[in-house]
Structures are given as structure tokens and as C-alpha cells.
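Chemist: The following block contains the structure, expressed as C-alpha cells.
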Amino acid sequence: MENKAATVRVMVTGGSGLVGKAIEHVLKEEGGAKEGEEWIFLSSKDGNLMDPDETRALFQKHRPTHVVHLAAMVGGLFKNMRQNLDFWRNNMYINDNVLQAAHDHDVVKVVSCLSTCIFPDKTTYPIDETMIHNGPPHESNFGYSYAKRMIDVHNRAYCAQFGRRYTAVIPTNVFGPHDNFNIEDGHVLPGLIHKAYIAQKEGTPLQVWGSGRPLRQFIYSLDLARLFLWVLREYDEVDPIILSGEHDLTEFSLSCFSTQLTLVGEEDEVSIKQAADAVIEALHFKGEVLYDTTKSDGQFKKTASNAKLRKYRPDFTFTPFHKAVKETCDWFKANYDIARK
Amino acid sequence: MESQTGPMRVLVTGGSGLVGKAIQRVVTEEGGAREGEKWIFLSSKDADLTNTAVTRAIFEKHRPTHVIHLAAMVGGLFRHLRQNLDFWRVNVAINDNVLQTAHEFGVVKVVSCLSTCIFPDETTYPINETMIHNGPPHTSNSGYAYAKRMVDVHNRALFQQYGRKYTAIIPTNIFGPHDNFNIDDAHVLPALVHKTYKAKRDGTALEVWGSGQGLRQFIYSLDLARLYLWVLREYDEVEPIILSVGEEDEITVKDVVDAIVEAFEFTGPVIEPHRTPTEQYDTSKSDGQLKKTASNAKLRSYRPDFTFTPFRTGKHHTYLTPACDTSALSVITADMASTGNGDTELSKRRAIGLQPIMRVLGNEFCYLLGTKVKHSMALFAMMNTWMTNH
């Protein structure tokens with residue numbers, strides 16, 4: 001039963017996915033919810049966001065004051081490479097429908113979800129928020145990348161024409177419970193977890209696609225969820241914000257020194273091989289590990305700077321990578337039957 | 001991939017605009033159409049292309065094998081500044097409807113129309129086709145610019161997923177008959193044509209500002225139409241192609257004024273107004289470019305033979321090929337004279353298709369003023385003042 005007296009009613013699109021479930025967990029299990037707030041988590045079962053009428057019906061029904069917009073067509077490297085047109089069109093439709101309906105229903109704030117994979121392919125590193133449109137994205141997922149970039153164009157146009165302050169976050173590679181563990185279509189970390197789990201059960205080698213050398217920054221879904229709540233409530237810019245741990249500890253340790261905070265974080269840019277090793281350790285996998293170098297590596301690196309986040313939140317502590325991987329593996333083993341795969 | 005048997009059936013969206021009318025002329029009066037071909041010219045009266053069902057009905061009705069896609073939401077500087085979001089959303093809707101419906105109906109080829117105004121604002125010159133996405137466009141028309149850029153993204157995605165070879169052209173400043181001559185909303189060249197016409201008719205001075213030293217490339221709409229047909233029939237790449245005269249044929253804005261004055265045989269005074277708006281904005285913003293040059297090297301590699309219509313007749317322009325009787329401007333001015341009423345008739349027209357290039361328009365005014373202002377709000381103020389005085 002909806003509480004019509006709630007002063008803040010937050011509608012979460014894509015609420016049943018990796019990030020949506022993490023936000024739900026933080027609200028319910030970690031005291032993340034505030035007095036007077038009401039949260040509605042939608043999934044694709046509730047309405048097809050590619051359809052403008054169905055989208056509008058959802059806004060009519062729930063009358064949100066705020067929207068966390070997570071719904072999207074997503075997939076790993078290999079799915080993107082096959083279906084660039086679908087990733088472009090479907091995400092464009094979802095985003096336009098949600099943003100326009102939010103505007104028409106006078107939603108105060110929409111926080112959408114971008115990704116560091118949409119940044120220019122040929123660029124200097126680390127990437128920061130000002131560089132999103134500075135060149136074409138990587139060829140492998142250009143459809144998805146442009147659709148996500150256009151959310152930022154859309155936000156700025158709403159601000160220019162109507163003064164709306166809709167914004168977006170830019171996480172690096174997210175992982176955690178409730179991910180899509182499908183080996184063909186999922187992302188690298190859940191894919192590795194699923195493959196290692198099967199290899200362990202069947203006594204076969206673990207096959208890692210690619211050379212293992214590309215670098216990725218990972219962010220645990222629960223950390224992302226905690227930061228998402230902060231962005232929704234406090235972050236006032238239209239320009240998006242990268243949400244990630246440190247790629248380089250030197251800067252962070254210096255800032256810790258000057259603010260006298262304890263250095264707790266670790267460098268979270270790891271190679272695919274290091275990520276695989278973390279999974280192997282978490283599952284106590286003892287079998288053989290093979291790297292299939294005939295498979296594509298995708299982009300070599302996408303190193304993003306979290307300096308903007310650190311300026312706002314020097315205090316925020318990220319869950320250590322090995323610990324987060326262990327929790328995810330434990331969740332997967334315990335929930336194998338219901339996990340998406 | 002279907003192969004197309006039999007003659008083409010070409011649907012032209014935005015067919016009643018500047019470019020559409022030029023294509024129509026080439027097709028019907030210059031033997032541009034081939035035996036058995038059917039050419040269908042649509043305008044906004046025939047269909048609202050922002051509506052998916054309506055777009056599909058059009059394709060059902062005409063069953064085209066090819067599409068020339070010119071239809072777009074276009075407008076002058078003021079509109080772009082006020083309606084950045086609308087330019088984005090409406091054009092994305094039109095383009096997605098046309099491209100997706102064409103794909104579903106098995107259209108062999110769609111040639112869309114981009115513009116040099118969509119290129120990155122900060123860039124090196126000359127611009128070429130590989131540079132479209134290399135940085136953000138100018139903020140004054142970013143909604144429009146991104147929507148046009150996404151046509152190229154859509155084309156490449158269609159090719160990657162389905163092997164379709166839809167493509168696009170990128171003209172520089174187009175001018176010609178059937179343009180939008182509305183002084184409040186038009187490009188500089190048709191606006192100047194209209195102003196000169198009125199000055200001659202009313203016996204007043206022609207007011208032009210500034211040194212006019214900025215350099216621009218213009219392409220006559222009939223030349224563009226001839227090249228468009230070549231692209232439709234022969235150009236086989238998915239990557240777009242710039243259609244323009246070469247860098248060596250850039251002319252100054254002052255050349256444009258002189259050419260228009262000559263074409264109208266205007267003998268009245270050409271003056272600068274008593275008040276300049278330079279005081280009204282911040283001239284400390286440096287670095288407007290003298291040139292916004294686009295390279296036509298790709299076109300020249302395919303069509304070294306193509307001859308552009310001379311901009312004007314006359315002995316002083318060495319870039320011209322031997323002058324022919326009908327220069328571009330004399331055609332326009334003759335048209336205008338024959339309608340007899342530059343004010344109401346032509347000002348009602350809205351050219352669909354390639355239209356006001358905000359940044360180019362703005363920078364042309366900059367050079368008419370002999371200043372180097374780049375800030376978009378300053379341009380707005382300047383042009384607002386200019387236009388309310390005319």
C-alpha cells in the first residue's frame with residue numbers, strides 16, 4: 001500500500017537487477033532508508049519501458065517525486081559485439097520514455113546510470129567526467145555507449161530548456177549478488193564465477209576468455225548502492241559523477257595524509273587474470289586454468305579517476321576487492337537455483 | 001540481403017524543402033531520373049514522421065526501394081537556443097522512424113543528410129569525414145547536432161548487425177531557390193538576398209555589418225542535388241561523405257554581399273549601420289575562426305570530373321570555371337523577381353532538410369561585424385539586435 005503522505009517517493013526502474021537489489025538491501029538491511037521516504041522497485045514485469053504509454057502509466061500509478069533509473073538493455077562484450085543496433089535503439093527508447101515521462105510528471109530529480117565503458121576509446125588516462133564526449137567509444141559496444149552518452153546530452157538539454165536538474169552516475173565494472181551470471185551474455189566477473197563453479201563441480205579446467213591482461217576497475221554493488229543514495233539526496237550537479245575506488249593509491253594516500261583519515265582502500269584496477277585469481281581463491285578452486293587467446297580482449301583499459309567523488313566524499317570506504325568477491329561467490333553458491341544464468 | 005531487381009522507387013522525405021526541390025528539378029528537368037524509376041516527394045503535409053505508425057503507413061503505401069531522407073526539425077539561432085531539447089528529441093524520433101522502418105521494409109539504401117555544423121567545436125582544420133565524433137559540438141545547437149550525429153551511429157549499427165549499407169552526406173552551406181528567405185530565421189545568404197531585394201524595391205540602403213572577412217564554402221542546391229543522385233546510385237560506403245566545393249573555392253562573406261549586389265544590379269548605398277552591437281557583449285572571448293574549412297578530398301577522389309556551378313558570373317573570380325549564363329545567384333534572384341513578393345511568399349516557406357547551421361550562421365555574423373566573438377549568448381544578443389532592427 002503506497003503511503004501518499006510520503007514526502008519523497010522514489011521509483012527505481014530496473015529495480016530487480018544487480019544495482020537495484022543492492023539499493024534495496026542497503027535500504028532494508030543497513031538502515032539506509034530515511035524517515036518520510038517511500039521506495040518503489042520496478043522490474044520489466046511491471047511495464048515495458050520501451051513503450052511510452054506503458055511508461056507513462058507507471059508514472060501515473062506511482063507518482064514518484066524522484067527516480068533512480070537503472071533499467072537498460074545490458075550485456076557483456078560478446079553480446080554487444082553482435083547486436084549494436086538493438087543496444088542503441090532499445091536503450092534510446094527506454095531512456096527517452098523515462099526522462100520525458102519524469103519531466104511531464106514533474107519529477108524533481110532523476111539519477112540515471114551510465115558506465116565507464118562509454119568513454120572515448122582513444123584517450124589519455126585516467127578518464128574523468130569532462131571527457132565523456134571527447135571521441136568515439138570502443139567499436140565493440142558503440143551502440144550501447146552512444147545510447148548511454150545521450151542520457152547526458154538529454155540531461156543537459158532538460159536543464160537548458162526547463163531548468164531541470166536530472167543527473168547521472170558513472171560506475172566502473174559493478175559486481176555482486178543478484179548479477180546476471182550467464183556465461184555467454186554476462187559481464188566478466190560473474191561469468192568467471194559461474195565458469196569456475198561449474199569447472200569445480202565437473203572437475204574440468206577453468207577456461208578464461210582472452211589473454212587475461214586487460215585491466216578493469218571493479219566496484220562492489222553494495223558500495224555503489226550506498227553512494228547512489230548519497231547522489232540522490234545530496235549531489236546537486238547536472239554533470240555526471242564517476243563512482244569508483246582508487247586506480248592509483250598515491251593521490252588517495254596523500255589526501256588521507258592531509259585530512260588525517262586512515263588509508264583503508266586498495267587499488268581496485270586489476271587485470272582479468274587477477275580477477276580470475278580472486279575468484280579461484282574465493283571458491284577454493286584447485287583445477288587447471290587455461291587462457292583462450294583466440295577470444296577477444298575488448299578494450300585494454302578504461303581507467304577512470306574518482307577525484308570528483310573524493311572531493312565530495314573523502315571519508316567513503318570501499319569494501320576490499322577480495323572480500324567483495326568472496327561474498328559474491330558465497331551468495332552464488334547459496335542461491336545457485338534462483339540466480340540469473 | 002535482398003538484391004534489388006528492377007528500377008528504383010525513391011522516396012524523398014522533406015521533399016518540399018531547399019534540397020528536396022533541387023533534387024526534384026534535377027530529376028524532372030535534367031534527365032536525372034532513369035527509365036522506369038518512380039520518384040515520390042513527401043512533405044510534412046503527407047506525414048508526421050515523428051509518429052511511428054504514420055511512418056510505417058507511408059512505407060506501406062509507397063514501398064520504396066531507396067530513400068533520400070531530408071526531413072528534419074530545423075530552425076534559426078533563437079529556436080536552437082530556446083529549444084535544445086526539442087531539436088534533440090524530435091529529430092531522433094524522425095530519424096529512428098525513417099531508418100528503422102526502411103530497414104524493416106527491406107529498403108536497399110537510405111541516404112540521410114547531415115551538416116558541417118555538427119562537427120566538434122574544438123577541432124583542427126580542414127575537417128574531414130573521420131572527425132564527426134571527435135569532440136562535443138557547439139553548445140548553441142548541441143541538441144540538433146547530436147541528433148544528426150546519431151544518424152551516422154545508427155547507420156553503422158545497422159551495418160554491423162544486418163549488413164545494411166545506409167549512409168549520409170555532409171554538405172557545407174547550401175543555398176538556392178526554394179530556400180527559407182525569412183529574415184528572422186534564415187541563413188545569412190538568403191537573408192542578404194531578401195534584404196537586398198527589399199532595399200532595391202524600397203529605394204533604401206542595404207545595411208551590412210563589418211569587414212566580412214570570414215571565409216566560407218557554399219554549395220549551390222542544384223549541384224548538391226546532382227551529387228546526391230550520384231551518392232544514391234554509386235557511393236557504396238557506410239561512412240558519410242562531405243559534399244562541397246574545395247578549400248580553394250572558399251569565399252569571404254564580403255564576396256557574398258558583392259555577388260548579391262551585382263546579381264540584383266543594386267545601385268543603392270551599401271552601408272554599415274550607425275550603431276554596432278559590439279559594446280553589448282564580451283569581446284574578450286577570443287578566437288573565432290577565420291575559416292571553418294571542410295575537406296572535399298574524398299569527393300574529389302571519387303569525382304575528379306565534377307564541375308560546380310560558378311557562384312557568380314564575372315571576371316574577377318579566378319576560382320571559377322568558364323562562366324556560364326546562369327550563375328547560381330542569378331537563378332535565385334530571377335526566381336525572387338518572378339514571385340514578385342519577397343515578403344510574404346517566401347517568408348512563409350520553411351526549408352526542410354539541411355538548414356541553419358547555428359554556429360556557421362553565428363560566425364558569419366561575427367565576421368560581418370569584423371569581430372571574433374565566439375560566445376553563444378553574445379551571438380544571441382547581437383543577432384537579436386540586428387534582427388529586430390530589420
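Identifiers for the C-alpha cells are assigned positionally: chains receive A, B, ... in sequence, residues are indexed from 1 per chain, and ligands are indexed from 1 in the order shown.
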Could you work out which residues of chain A fall inside 12 Å of chain B? Count only C-alpha atoms, and format the result as an MDAnalysis selection string.
Modeler: chainID A and resid 51:52 79:90 92:93 95:97 99:100 103 119:123 130:137 139:147 149:164
Chemist: Based on DSSP run over this structure's backbone, return all residues of range 49-267 of chain B in strand (DSSP E or B), as a VMD selection string.
Modeler: chain B and resid 66 to 69 109 to 113 127 167 to 171 173 to 175 206 to 207 215 to 216 218 to 220 241 to 243 251 to 252
Chemist: Given the selection you just returned, output its residues as a file containing C-alpha atoms, formatted as an mmCIF file, in the first residue's frame.
Modeler:
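Dumped to selection-v2.cif:
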```cif
data_model
loop_
_atom_site.group_PDB
_atom_site.id
_atom_site.type_symbol
_atom_site.label_atom_id
_atom_site.label_comp_id
_atom_site.auth_asym_id
_atom_site.auth_seq_id
_atom_site.Cartn_x
_atom_site.Cartn_y
_atom_site.Cartn_z
ATOM 1 C CA HIS B 66 15.512 3.662 -51.816
ATOM 2 C CA VAL B 67 15.081 6.654 -49.533
ATOM 3 C CA ILE B 68 16.561 10.131 -49.582
ATOM 4 C CA HIS B 69 15.995 11.316 -46.055
ATOM 5 C CA LYS B 109 19.662 2.164 -49.347
ATOM 6 C CA VAL B 110 18.866 5.278 -47.333
ATOM 7 C CA VAL B 111 20.948 8.429 -47.824
ATOM 8 C CA SER B 112 20.437 10.859 -44.958
ATOM 9 C CA CYS B 113 21.558 14.452 -44.755
ATOM 10 C CA ILE B 127 37.508 18.965 -41.167
ATOM 11 C CA THR B 167 24.821 6.209 -45.496
ATOM 12 C CA ALA B 168 24.772 10.014 -45.286
ATOM 13 C CA ILE B 169 26.079 13.139 -46.971
ATOM 14 C CA ILE B 170 27.550 16.191 -45.271
ATOM 15 C CA PRO B 171 27.003 19.417 -47.231
ATOM 16 C CA ASN B 173 26.400 25.927 -46.642
ATOM 17 C CA ILE B 174 23.643 25.206 -49.141
ATOM 18 C CA PHE B 175 21.782 27.936 -50.987
ATOM 19 C CA LEU B 206 21.465 47.939 -47.905
ATOM 20 C CA GLU B 207 22.706 47.618 -44.357
ATOM 21 C CA LEU B 215 35.716 32.540 -45.299
ATOM 22 C CA ARG B 216 33.025 30.033 -46.120
ATOM 23 C CA PHE B 218 28.990 27.344 -50.299
ATOM 24 C CA ILE B 219 27.319 24.695 -52.408
ATOM 25 C CA TYR B 220 24.531 25.502 -54.820
ATOM 26 C CA ILE B 241 30.839 11.928 -47.475
ATOM 27 C CA ILE B 242 31.332 15.688 -47.430
ATOM 28 C CA LEU B 243 29.779 17.410 -50.445
ATOM 29 C CA ILE B 251 34.822 32.895 -50.447
ATOM 30 C CA THR B 252 34.503 35.704 -47.973
#
```
Chemist: What does the distance between CA of Pro240 in chain B and CA of Met73 in chain B come to in Å, to one decimal place?
Modeler: 20.5 Å
